[in-house]
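A.B. asks: I'm passing along query.cif; it holds mmCIF, C-alpha atoms; chains and numbers go by the auth columns.
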data_my_file
#
loop_
_atom_site.group_PDB
_atom_site.id
_atom_site.type_symbol
_atom_site.label_atom_id
_atom_site.label_comp_id
_atom_site.label_asym_id
_atom_site.label_seq_id
_atom_site.Cartn_x
_atom_site.Cartn_y
_atom_site.Cartn_z
_atom_site.B_iso_or_equiv
_atom_site.auth_seq_id
_atom_site.auth_asym_id
ATOM 1 C CA MET A 1 173.465 116.767 19.376 0.00 21 A
ATOM 2 C CA ASP A 2 172.024 119.813 21.141 0.00 22 A
ATOM 3 C CA THR A 3 172.598 119.966 24.887 0.00 23 A
ATOM 4 C CA VAL A 4 169.539 120.080 27.126 0.00 24 A
ATOM 5 C CA ILE A 5 169.819 122.478 30.069 0.00 25 A
ATOM 6 C CA HIS A 6 168.245 121.167 33.254 0.00 26 A
ATOM 7 C CA VAL A 7 166.564 124.083 35.000 0.00 27 A
ATOM 8 C CA GLY A 8 165.283 123.725 38.534 0.00 28 A
ATOM 9 C CA VAL A 9 162.479 126.054 39.580 0.00 29 A
ATOM 10 C CA LEU A 10 161.498 126.903 43.134 0.00 30 A
ATOM 11 C CA THR A 11 158.139 128.611 43.527 0.00 31 A
ATOM 12 C CA PRO A 12 155.489 129.063 46.214 0.00 32 A
ATOM 13 C CA HIS A 13 152.710 129.098 43.607 0.00 33 A
ATOM 14 C CA GLU A 14 150.551 126.316 42.187 0.00 34 A
ATOM 15 C CA VAL A 15 149.725 128.012 38.882 0.00 35 A
ATOM 16 C CA PRO A 16 151.904 126.575 36.078 0.00 36 A
ATOM 17 C CA GLY A 17 154.189 129.211 34.618 0.00 37 A
ATOM 18 C CA PRO A 18 157.915 128.704 34.076 0.00 38 A
ATOM 19 C CA GLY A 19 157.529 125.027 33.205 0.00 39 A
ATOM 20 C CA VAL A 20 155.164 125.935 30.387 0.00 40 A
ATOM 21 C CA GLU A 21 156.833 129.082 29.078 0.00 41 A
ATOM 22 C CA PHE A 22 160.453 127.946 29.340 0.00 42 A
ATOM 23 C CA ALA A 23 159.622 124.961 27.133 0.00 43 A
ATOM 24 C CA ALA A 24 157.900 127.193 24.575 0.00 44 A
ATOM 25 C CA MET A 25 160.613 129.852 24.457 0.00 45 A
ATOM 26 C CA ALA A 26 163.565 127.448 24.426 0.00 46 A
ATOM 27 C CA SER A 27 162.110 125.011 21.867 0.00 47 A
ATOM 28 C CA GLY A 28 163.069 121.785 23.596 0.00 48 A
ATOM 29 C CA ARG A 29 166.504 122.914 24.751 0.00 49 A
ATOM 30 C CA VAL A 30 165.400 123.261 28.395 0.00 50 A
ATOM 31 C CA ALA A 31 164.070 120.579 30.745 0.00 51 A
ATOM 32 C CA THR A 32 162.323 122.137 33.740 0.00 52 A
ATOM 33 C CA ARG A 33 161.909 120.545 37.155 0.00 53 A
ATOM 34 C CA VAL A 34 159.559 122.456 39.492 0.00 54 A
ATOM 35 C CA THR A 35 159.463 122.149 43.280 0.00 55 A
ATOM 36 C CA ARG A 36 156.975 124.116 45.340 0.00 56 A
ATOM 37 C CA VAL A 37 158.018 125.881 48.506 0.00 57 A
ATOM 38 C CA THR A 38 155.283 125.291 51.056 0.00 58 A
ATOM 39 C CA GLY A 39 154.824 126.099 54.715 0.00 59 A
ATOM 40 C CA ALA A 40 152.663 125.423 57.699 0.00 60 A
ATOM 41 C CA ALA A 41 148.890 125.783 57.585 0.00 61 A
ATOM 42 C CA GLY A 42 148.851 125.861 53.810 0.00 62 A
ATOM 43 C CA ALA A 43 151.062 128.923 53.364 0.00 63 A
ATOM 44 C CA GLY A 44 151.991 129.038 49.739 0.00 64 A
ATOM 45 C CA GLY A 45 149.262 126.556 48.917 0.00 65 A
ATOM 46 C CA SER A 46 147.017 128.888 46.949 0.00 66 A
ATOM 47 C CA GLY A 47 147.196 129.042 43.186 0.00 67 A
ATOM 48 C CA GLY A 48 146.030 132.653 43.338 0.00 68 A
ATOM 49 C CA PRO A 49 147.367 135.642 45.250 0.00 69 A
ATOM 50 C CA VAL A 50 148.672 135.146 48.752 0.00 70 A
ATOM 51 C CA SER A 51 149.511 137.785 51.310 0.00 71 A
ATOM 52 C CA PRO A 52 152.966 139.271 51.888 0.00 72 A
ATOM 53 C CA ALA A 53 152.829 137.762 55.383 0.00 73 A
ATOM 54 C CA GLU A 54 152.574 134.285 53.833 0.00 74 A
ATOM 55 C CA LEU A 55 155.122 134.863 51.089 0.00 75 A
ATOM 56 C CA GLY A 56 157.993 136.176 53.204 0.00 76 A
ATOM 57 C CA PRO A 57 158.725 132.964 55.166 0.00 77 A
ATOM 58 C CA LEU A 58 158.789 130.964 51.914 0.00 78 A
ATOM 59 C CA THR A 59 161.990 132.770 50.897 0.00 79 A
ATOM 60 C CA THR A 60 163.930 131.822 54.047 0.00 80 A
ATOM 61 C CA ALA A 61 165.148 128.794 55.990 0.00 81 A
ATOM 62 C CA PRO A 62 163.936 126.237 56.878 0.00 82 A
ATOM 63 C CA LEU A 63 161.106 126.108 54.333 0.00 83 A
ATOM 64 C CA LEU A 64 163.279 127.187 51.406 0.00 84 A
ATOM 65 C CA ASP A 65 166.078 124.809 52.407 0.00 85 A
ATOM 66 C CA ARG A 66 163.705 121.863 52.460 0.00 86 A
ATOM 67 C CA ALA A 67 162.370 122.643 48.986 0.00 87 A
ATOM 68 C CA ALA A 68 165.865 123.229 47.598 0.00 88 A
ATOM 69 C CA GLY A 69 166.964 119.861 48.951 0.00 89 A
ATOM 70 C CA GLN A 70 164.052 118.171 47.198 0.00 90 A
ATOM 71 C CA LEU A 71 164.796 120.007 43.964 0.00 91 A
ATOM 72 C CA VAL A 72 168.411 118.877 43.640 0.00 92 A
ATOM 73 C CA THR A 73 167.603 115.197 44.068 0.00 93 A
ATOM 74 C CA GLY A 74 167.261 115.222 40.273 0.00 94 A
ATOM 75 C CA PRO A 75 169.471 116.663 37.520 0.00 95 A
ATOM 76 C CA VAL A 76 169.675 120.440 37.885 0.00 96 A
ATOM 77 C CA ASP A 77 172.198 122.736 36.162 0.00 97 A
ATOM 78 C CA VAL A 78 170.769 126.107 37.237 0.00 98 A
ATOM 79 C CA ILE A 79 168.019 127.188 39.620 0.00 99 A
ATOM 80 C CA GLY A 80 165.427 129.932 39.369 0.00 100 A
ATOM 81 C CA TYR A 81 163.240 131.284 42.182 0.00 101 A
ATOM 82 C CA ALA A 82 160.038 132.068 40.319 0.00 102 A
ATOM 83 C CA SER A 83 157.824 134.446 42.252 0.00 103 A
ATOM 84 C CA THR A 84 157.330 138.065 41.302 0.00 104 A
ATOM 85 C CA THR A 85 155.192 138.814 44.340 0.00 105 A
ATOM 86 C CA SER A 86 157.752 137.274 46.705 0.00 106 A
ATOM 87 C CA ALA A 87 160.399 139.657 45.401 0.00 107 A
ATOM 88 C CA TYR A 88 158.004 142.574 45.716 0.00 108 A
ATOM 89 C CA THR A 89 157.321 141.513 49.308 0.00 109 A
ATOM 90 C CA ILE A 90 160.901 141.100 50.556 0.00 110 A
ATOM 91 C CA GLY A 91 162.631 143.721 48.376 0.00 111 A
ATOM 92 C CA PHE A 92 165.710 143.668 46.154 0.00 112 A
ATOM 93 C CA ASP A 93 168.357 143.286 48.863 0.00 113 A
ATOM 94 C CA ALA A 94 166.652 140.308 50.504 0.00 114 A
ATOM 95 C CA GLU A 95 165.986 138.724 47.116 0.00 115 A
ATOM 96 C CA THR A 96 169.674 139.079 46.227 0.00 116 A
ATOM 97 C CA ALA A 97 170.697 137.570 49.565 0.00 117 A
ATOM 98 C CA MET A 98 168.293 134.665 48.979 0.00 118 A
ATOM 99 C CA VAL A 99 169.896 133.982 45.600 0.00 119 A
ATOM 100 C CA ALA A 100 173.389 133.954 47.093 0.00 120 A
ATOM 101 C CA ARG A 101 172.307 131.669 49.933 0.00 121 A
ATOM 102 C CA LEU A 102 170.577 129.220 47.570 0.00 122 A
ATOM 103 C CA SER A 103 173.631 129.086 45.349 0.00 123 A
ATOM 104 C CA GLU A 104 175.868 128.284 48.312 0.00 124 A
ATOM 105 C CA LEU A 105 173.405 125.704 49.613 0.00 125 A
ATOM 106 C CA THR A 106 172.911 123.872 46.305 0.00 126 A
ATOM 107 C CA GLY A 107 176.217 124.458 44.545 0.00 127 A
ATOM 108 C CA ARG A 108 174.358 125.711 41.448 0.00 128 A
ATOM 109 C CA PRO A 109 174.005 129.124 39.821 0.00 129 A
ATOM 110 C CA VAL A 110 170.748 130.743 40.943 0.00 130 A
ATOM 111 C CA ALA A 111 168.614 133.580 39.575 0.00 131 A
ATOM 112 C CA ALA A 112 165.395 135.179 40.796 0.00 132 A
ATOM 113 C CA THR A 113 162.625 136.810 38.820 0.00 133 A
ATOM 114 C CA CYS A 114 162.717 140.476 39.760 0.00 134 A
ATOM 115 C CA ALA A 115 166.477 140.766 40.183 0.00 135 A
ATOM 116 C CA SER A 116 166.641 139.400 36.622 0.00 136 A
ATOM 117 C CA ALA A 117 164.164 142.086 35.523 0.00 137 A
ATOM 118 C CA VAL A 118 166.335 144.776 37.126 0.00 138 A
ATOM 119 C CA ARG A 119 169.351 143.466 35.236 0.00 139 A
ATOM 120 C CA ALA A 120 167.379 143.357 31.986 0.00 140 A
ATOM 121 C CA LEU A 121 166.192 146.950 32.373 0.00 141 A
ATOM 122 C CA CYS A 122 169.760 148.087 33.051 0.00 142 A
ATOM 123 C CA VAL A 123 171.101 146.239 29.997 0.00 143 A
ATOM 124 C CA LEU A 124 168.368 147.823 27.861 0.00 144 A
ATOM 125 C CA GLN A 125 169.238 151.234 29.379 0.00 145 A
ATOM 126 C CA VAL A 126 165.690 151.833 30.558 0.00 146 A
ATOM 127 C CA GLU A 127 165.029 154.484 33.193 0.00 147 A
ATOM 128 C CA GLN A 128 161.241 154.887 33.015 0.00 148 A
ATOM 129 C CA VAL A 129 159.246 151.672 33.274 0.00 149 A
ATOM 130 C CA ALA A 130 155.580 150.760 33.397 0.00 150 A
ATOM 131 C CA LEU A 131 154.598 147.762 35.524 0.00 151 A
ATOM 132 C CA VAL A 132 151.668 145.553 34.578 0.00 152 A
ATOM 133 C CA GLY A 133 150.745 143.006 37.210 0.00 153 A
ATOM 134 C CA ALA A 134 148.937 139.733 36.640 0.00 154 A
ATOM 135 C CA PRO A 135 145.148 140.198 36.554 0.00 155 A
ATOM 136 C CA TRP A 136 144.842 138.542 39.970 0.00 156 A
ATOM 137 C CA PHE A 137 147.424 140.762 41.708 0.00 157 A
ATOM 138 C CA ASP A 138 145.966 142.582 44.689 0.00 158 A
ATOM 139 C CA PRO A 139 146.636 146.356 44.506 0.00 159 A
ATOM 140 C CA GLN A 140 149.057 146.036 47.437 0.00 160 A
ATOM 141 C CA PHE A 141 151.395 144.014 45.213 0.00 161 A
ATOM 142 C CA ASN A 142 151.324 146.732 42.557 0.00 162 A
ATOM 143 C CA ASP A 143 152.360 149.235 45.227 0.00 163 A
ATOM 144 C CA LEU A 144 155.103 146.912 46.459 0.00 164 A
ATOM 145 C CA GLY A 145 156.266 146.396 42.876 0.00 165 A
ATOM 146 C CA ALA A 146 156.563 150.124 42.308 0.00 166 A
ATOM 147 C CA ALA A 147 158.599 150.445 45.509 0.00 167 A
ATOM 148 C CA TYR A 148 160.812 147.504 44.494 0.00 168 A
ATOM 149 C CA PHE A 149 161.867 149.041 41.176 0.00 169 A
ATOM 150 C CA ALA A 150 162.030 152.575 42.570 0.00 170 A
ATOM 151 C CA SER A 151 164.524 151.291 45.139 0.00 171 A
ATOM 152 C CA GLN A 152 166.831 150.402 42.243 0.00 172 A
ATOM 153 C CA GLY A 153 166.646 153.855 40.719 0.00 173 A
ATOM 154 C CA PHE A 154 163.901 153.370 38.132 0.00 174 A
ATOM 155 C CA ASP A 155 161.142 155.879 37.522 0.00 175 A
ATOM 156 C CA VAL A 156 157.958 153.784 37.730 0.00 176 A
ATOM 157 C CA VAL A 157 155.402 155.642 35.636 0.00 177 A
ATOM 158 C CA SER A 158 152.528 153.257 36.459 0.00 178 A
ATOM 159 C CA SER A 159 151.865 149.994 38.315 0.00 179 A
ATOM 160 C CA VAL A 160 148.481 148.337 37.786 0.00 180 A
ATOM 161 C CA SER A 161 147.013 144.884 37.320 0.00 181 A
ATOM 162 C CA ALA A 162 145.964 143.909 33.807 0.00 182 A
ATOM 163 C CA GLY A 163 142.222 144.075 33.339 0.00 183 A
ATOM 164 C CA LEU A 164 141.992 140.556 31.932 0.00 184 A
ATOM 165 C CA SER A 165 140.643 137.151 32.987 0.00 185 A
ATOM 166 C CA HIS A 166 141.633 135.938 36.451 0.00 186 A
ATOM 167 C CA ASP A 167 141.875 132.414 35.047 0.00 187 A
ATOM 168 C CA PRO A 168 145.511 131.915 33.932 0.00 188 A
ATOM 169 C CA ARG A 169 144.376 129.328 31.385 0.00 189 A
ATOM 170 C CA ALA A 170 142.167 131.906 29.671 0.00 190 A
ATOM 171 C CA VAL A 171 144.926 134.471 29.016 0.00 191 A
ATOM 172 C CA GLU A 172 145.318 135.094 25.284 0.00 192 A
ATOM 173 C CA ALA A 173 148.249 136.864 23.644 0.00 193 A
ATOM 174 C CA ALA A 174 146.006 139.147 21.594 0.00 194 A
ATOM 175 C CA ALA A 175 144.152 140.306 24.704 0.00 195 A
ATOM 176 C CA VAL A 176 147.418 141.016 26.539 0.00 196 A
ATOM 177 C CA CYS A 177 148.723 142.996 23.574 0.00 197 A
ATOM 178 C CA GLU A 178 145.517 144.992 23.202 0.00 198 A
ATOM 179 C CA TRP A 179 145.143 145.810 26.925 0.00 199 A
ATOM 180 C CA VAL A 180 148.753 146.850 27.485 0.00 200 A
ATOM 181 C CA SER A 181 148.837 148.919 24.291 0.00 201 A
ATOM 182 C CA ARG A 182 145.762 150.869 25.426 0.00 202 A
ATOM 183 C CA HIS A 183 146.987 151.477 28.980 0.00 203 A
ATOM 184 C CA LEU A 184 150.687 152.219 28.464 0.00 204 A
ATOM 185 C CA ALA A 185 151.834 155.752 29.244 0.00 205 A
ATOM 186 C CA ASP A 186 153.790 157.565 26.535 0.00 206 A
ATOM 187 C CA SER A 187 156.547 158.285 29.046 0.00 207 A
ATOM 188 C CA ALA A 188 157.292 154.585 29.636 0.00 208 A
ATOM 189 C CA GLU A 189 160.479 153.440 27.915 0.00 209 A
ATOM 190 C CA ALA A 190 159.641 149.775 28.542 0.00 210 A
ATOM 191 C CA VAL A 191 157.015 147.610 30.189 0.00 211 A
ATOM 192 C CA PHE A 192 157.492 144.790 32.683 0.00 212 A
ATOM 193 C CA ILE A 193 154.590 142.333 32.813 0.00 213 A
ATOM 194 C CA GLY A 194 154.849 140.717 36.229 0.00 214 A
ATOM 195 C CA GLY A 195 153.657 137.346 37.467 0.00 215 A
ATOM 196 C CA ASN A 196 155.343 134.006 36.842 0.00 216 A
ATOM 197 C CA GLY A 197 151.905 132.430 36.521 0.00 217 A
ATOM 198 C CA PHE A 198 150.835 135.134 34.034 0.00 218 A
ATOM 199 C CA ARG A 199 151.742 133.377 30.791 0.00 219 A
ATOM 200 C CA ALA A 200 152.192 136.473 28.622 0.00 220 A
ATOM 201 C CA ALA A 201 155.364 135.493 26.743 0.00 221 A
ATOM 202 C CA THR A 202 153.509 134.782 23.507 0.00 222 A
ATOM 203 C CA ALA A 203 152.378 138.425 23.448 0.00 223 A
ATOM 204 C CA ILE A 204 155.901 139.881 23.620 0.00 224 A
ATOM 205 C CA ASP A 205 156.795 140.154 19.940 0.00 225 A
ATOM 206 C CA ALA A 206 153.450 141.556 18.808 0.00 226 A
ATOM 207 C CA LEU A 207 153.379 143.986 21.719 0.00 227 A
ATOM 208 C CA GLU A 208 156.909 145.242 21.018 0.00 228 A
ATOM 209 C CA THR A 209 155.849 145.872 17.415 0.00 229 A
ATOM 210 C CA ALA A 210 152.703 147.671 18.550 0.00 230 A
ATOM 211 C CA ILE A 211 154.335 149.974 21.108 0.00 231 A
ATOM 212 C CA GLY A 212 157.861 150.253 19.690 0.00 232 A
ATOM 213 C CA ARG A 213 159.448 149.638 23.086 0.00 233 A
ATOM 214 C CA PRO A 214 160.988 146.672 24.935 0.00 234 A
ATOM 215 C CA VAL A 215 158.586 144.271 26.620 0.00 235 A
ATOM 216 C CA LEU A 216 159.715 142.138 29.541 0.00 236 A
ATOM 217 C CA THR A 217 157.807 139.390 31.327 0.00 237 A
ATOM 218 C CA SER A 218 158.621 137.481 34.498 0.00 238 A
ATOM 219 C CA ASN A 219 159.378 134.136 32.872 0.00 239 A
ATOM 220 C CA GLN A 220 161.219 135.720 29.946 0.00 240 A
ATOM 221 C CA VAL A 221 163.675 137.646 32.131 0.00 241 A
ATOM 222 C CA LEU A 222 164.205 134.661 34.421 0.00 242 A
ATOM 223 C CA LEU A 223 164.978 132.343 31.496 0.00 243 A
ATOM 224 C CA TRP A 224 167.275 134.982 29.963 0.00 244 A
ATOM 225 C CA GLN A 225 169.301 135.158 33.164 0.00 245 A
ATOM 226 C CA LEU A 226 169.345 131.392 33.705 0.00 246 A
ATOM 227 C CA LEU A 227 170.589 130.701 30.179 0.00 247 A
ATOM 228 C CA ALA A 228 173.420 133.182 30.707 0.00 248 A
ATOM 229 C CA GLN A 229 174.356 131.465 33.959 0.00 249 A
ATOM 230 C CA SER A 230 174.319 128.074 32.263 0.00 250 A
ATOM 231 C CA ARG A 231 176.806 129.497 29.720 0.00 251 A
ATOM 232 C CA ASP A 232 174.747 128.123 26.855 0.00 252 A
ATOM 233 C CA THR A 233 174.896 130.149 23.663 0.00 253 A
ATOM 234 C CA PHE A 234 171.820 129.097 21.684 0.00 254 A
ATOM 235 C CA GLN A 235 169.638 131.919 20.406 0.00 255 A
ATOM 236 C CA ILE A 236 165.979 132.411 21.322 0.00 256 A
ATOM 237 C CA ASN A 237 163.883 134.127 18.671 0.00 257 A
ATOM 238 C CA GLY A 238 160.340 135.450 18.731 0.00 258 A
ATOM 239 C CA TYR A 239 160.219 136.422 22.401 0.00 259 A
ATOM 240 C CA GLY A 240 161.479 139.983 22.462 0.00 260 A
ATOM 241 C CA ARG A 241 164.566 142.024 21.822 0.00 261 A
ATOM 242 C CA LEU A 242 165.930 141.168 25.280 0.00 262 A
ATOM 243 C CA PHE A 243 167.323 137.882 23.948 0.00 263 A
ATOM 244 C CA THR A 244 169.622 139.788 21.586 0.00 264 A
ATOM 245 C CA HIS A 245 171.445 141.161 24.643 0.00 265 A
ATOM 246 C CA LYS A 246 173.720 139.472 27.159 0.00 266 A
ATOM 247 C CA PRO A 247 173.288 140.069 30.904 0.00 267 A
#
What is this structure when it is put down as structure tokens?

C.D. replies:
Amino acid sequence: MDTVIHVGVLTPHEVPGPGVEFAAMASGRVATRVTRVTGAAGAGGSGGPVSPAELGPLTTAPLLDRAAGQLVTGPVDVIGYASTTSAYTIGFDAETAMVARLSELTGRPVAATCASAVRALCVLQVEQVALVGAPWFDPQFNDLGAAYFASQGFDVVSSVSAGLSHDPRAVEAAAVCEWVSRHLADSAEAVFIGGNGFRAATAIDALETAIGRPVLTSNQVLLWQLLAQSRDTFQINGYGRLFTHKP
């Protein structure tokens, strides 16, 4: 009988993302439990973009500790912090420190979205990357995203929000593939489509075929890292060449 991996997800966002895409990519091998990190006066309560000032506190004690405690009341093998914009806000070093602290606090392996993307780009030997933010990303998050990856030595050739519907439920794979294909610079060696609520995973295979380069998305890289940390060896097919590589 196949083993089911119990993945716990911490996120400040309301928009469904990892819970939907993990199930699709892992074909029933992953059970996802999502706990929202919320703060005072509704911080983290918006399903759309929130400001860096609101996101920062949701990555630190005591708000994060409270959510983590709620998460591990159920079965959890590994934990993912699913927020691209949070990582952009606090930066790589703080995101890495948050992961280490959560792991110590919960006794589980922990991964975070953008640190997982950095690892994926390194494994794929990418130096020049294009960033595509969720359609609802404010331009400030695109700037922060460029700074985040530049801080880790990548040449960010572009960082813009996708010109698609702002309704996450209306995102279609064909539209993602068409928009990214038309707006991708020739110099980009790979593209990272950011936003854990931007359900773009179904576009990955077609887009890789269209552009001939690796395509990464927030939920794809997070699942890739979490599966490695769970030490499970089952293969995921149809969601990009990344899954043929080990972290």

A.B. asks: Carefully work through the PyMOL selection byres ((chain A and resi 77-94) around 8) for this structure and note down the residues it includes, as a ChimeraX atom specification.

C.D. replies: /A:28-30,32,53-59,64,73-76,95-96,106,118,122,125-126

A.B. asks: Ranking A:Ala117, A:Cys142, A:Ile110, A:Ala102 by minimum distance to Glu34 of chain A and counting all atoms listed in the file, which one comes first?

C.D. replies: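 Going through A:Ala117, A:Cys142, A:Ile110, A:Ala102 one by one, the smallest distance to Glu34 of chain A is for A:Ala102.
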
A.B. asks: For the file shown, what are the residues hit by the PyMOL selection byres ((chain A and resi 163-172) around 12), laid out as a compact mmCIF listing (two decimals) with C-alpha atoms, in the coordinates of the input?

C.D. replies:
# COMPACT_ATOMS: atom_id res chain seq x y z
CA SER A 71 149.51 137.78 51.31
CA PRO A 72 152.97 139.27 51.89
CA THR A 104 157.33 138.06 41.30
CA THR A 105 155.19 138.81 44.34
CA SER A 106 157.75 137.27 46.70
CA ALA A 107 160.40 139.66 45.40
CA TYR A 108 158.00 142.57 45.72
CA THR A 109 157.32 141.51 49.31
CA ILE A 110 160.90 141.10 50.56
CA GLY A 111 162.63 143.72 48.38
CA PHE A 112 165.71 143.67 46.15
CA ASP A 113 168.36 143.29 48.86
CA ALA A 114 166.65 140.31 50.50
CA GLU A 115 165.99 138.72 47.12
CA CYS A 134 162.72 140.48 39.76
CA ALA A 135 166.48 140.77 40.18
CA SER A 136 166.64 139.40 36.62
CA ALA A 137 164.16 142.09 35.52
CA VAL A 138 166.34 144.78 37.13
CA ARG A 139 169.35 143.47 35.24
CA LEU A 141 166.19 146.95 32.37
CA CYS A 142 169.76 148.09 33.05
CA VAL A 146 165.69 151.83 30.56
CA GLU A 147 165.03 154.48 33.19
CA GLN A 148 161.24 154.89 33.02
CA VAL A 149 159.25 151.67 33.27
CA ALA A 150 155.58 150.76 33.40
CA LEU A 151 154.60 147.76 35.52
CA VAL A 152 151.67 145.55 34.58
CA GLY A 153 150.74 143.01 37.21
CA ALA A 154 148.94 139.73 36.64
CA PHE A 157 147.42 140.76 41.71
CA ASP A 158 145.97 142.58 44.69
CA PRO A 159 146.64 146.36 44.51
CA GLN A 160 149.06 146.04 47.44
CA PHE A 161 151.40 144.01 45.21
CA ASN A 162 151.32 146.73 42.56
CA GLY A 173 166.65 153.85 40.72
CA PHE A 174 163.90 153.37 38.13
CA ASP A 175 161.14 155.88 37.52
CA VAL A 176 157.96 153.78 37.73
CA VAL A 177 155.40 155.64 35.64
CA SER A 178 152.53 153.26 36.46
CA SER A 179 151.86 149.99 38.32
CA VAL A 180 148.48 148.34 37.79
CA SER A 181 147.01 144.88 37.32
CA PHE A 212 157.49 144.79 32.68
CA ILE A 213 154.59 142.33 32.81
CA GLY A 214 154.85 140.72 36.23
CA GLY A 215 153.66 137.35 37.47

A.B. asks: Starting from the point (170.9, 141.8, 25.0), work out which residues of protein, DNA or RNA have an atom no more than 10 Å away when counting all atoms listed in the file; state them as a list in words.

C.D. replies: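 Counting all atoms listed in the file, I find these residues within 10 Å of (170.9, 141.8, 25.0): Ala140, Val143, Leu144, Trp244, Gly260, Arg261, Leu262, Phe263, Thr264, His265, Lys266 and Pro267 of chain A.
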
A.B. asks: State, in Å with one decimal place, the distance from atom CA of Val35 of chain A to atom CA of Pro188 of chain A.

C.D. replies: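 Atom-to-atom, atom CA of Val35 of chain A and atom CA of Pro188 of chain A are spaced 7.6 Å apart.
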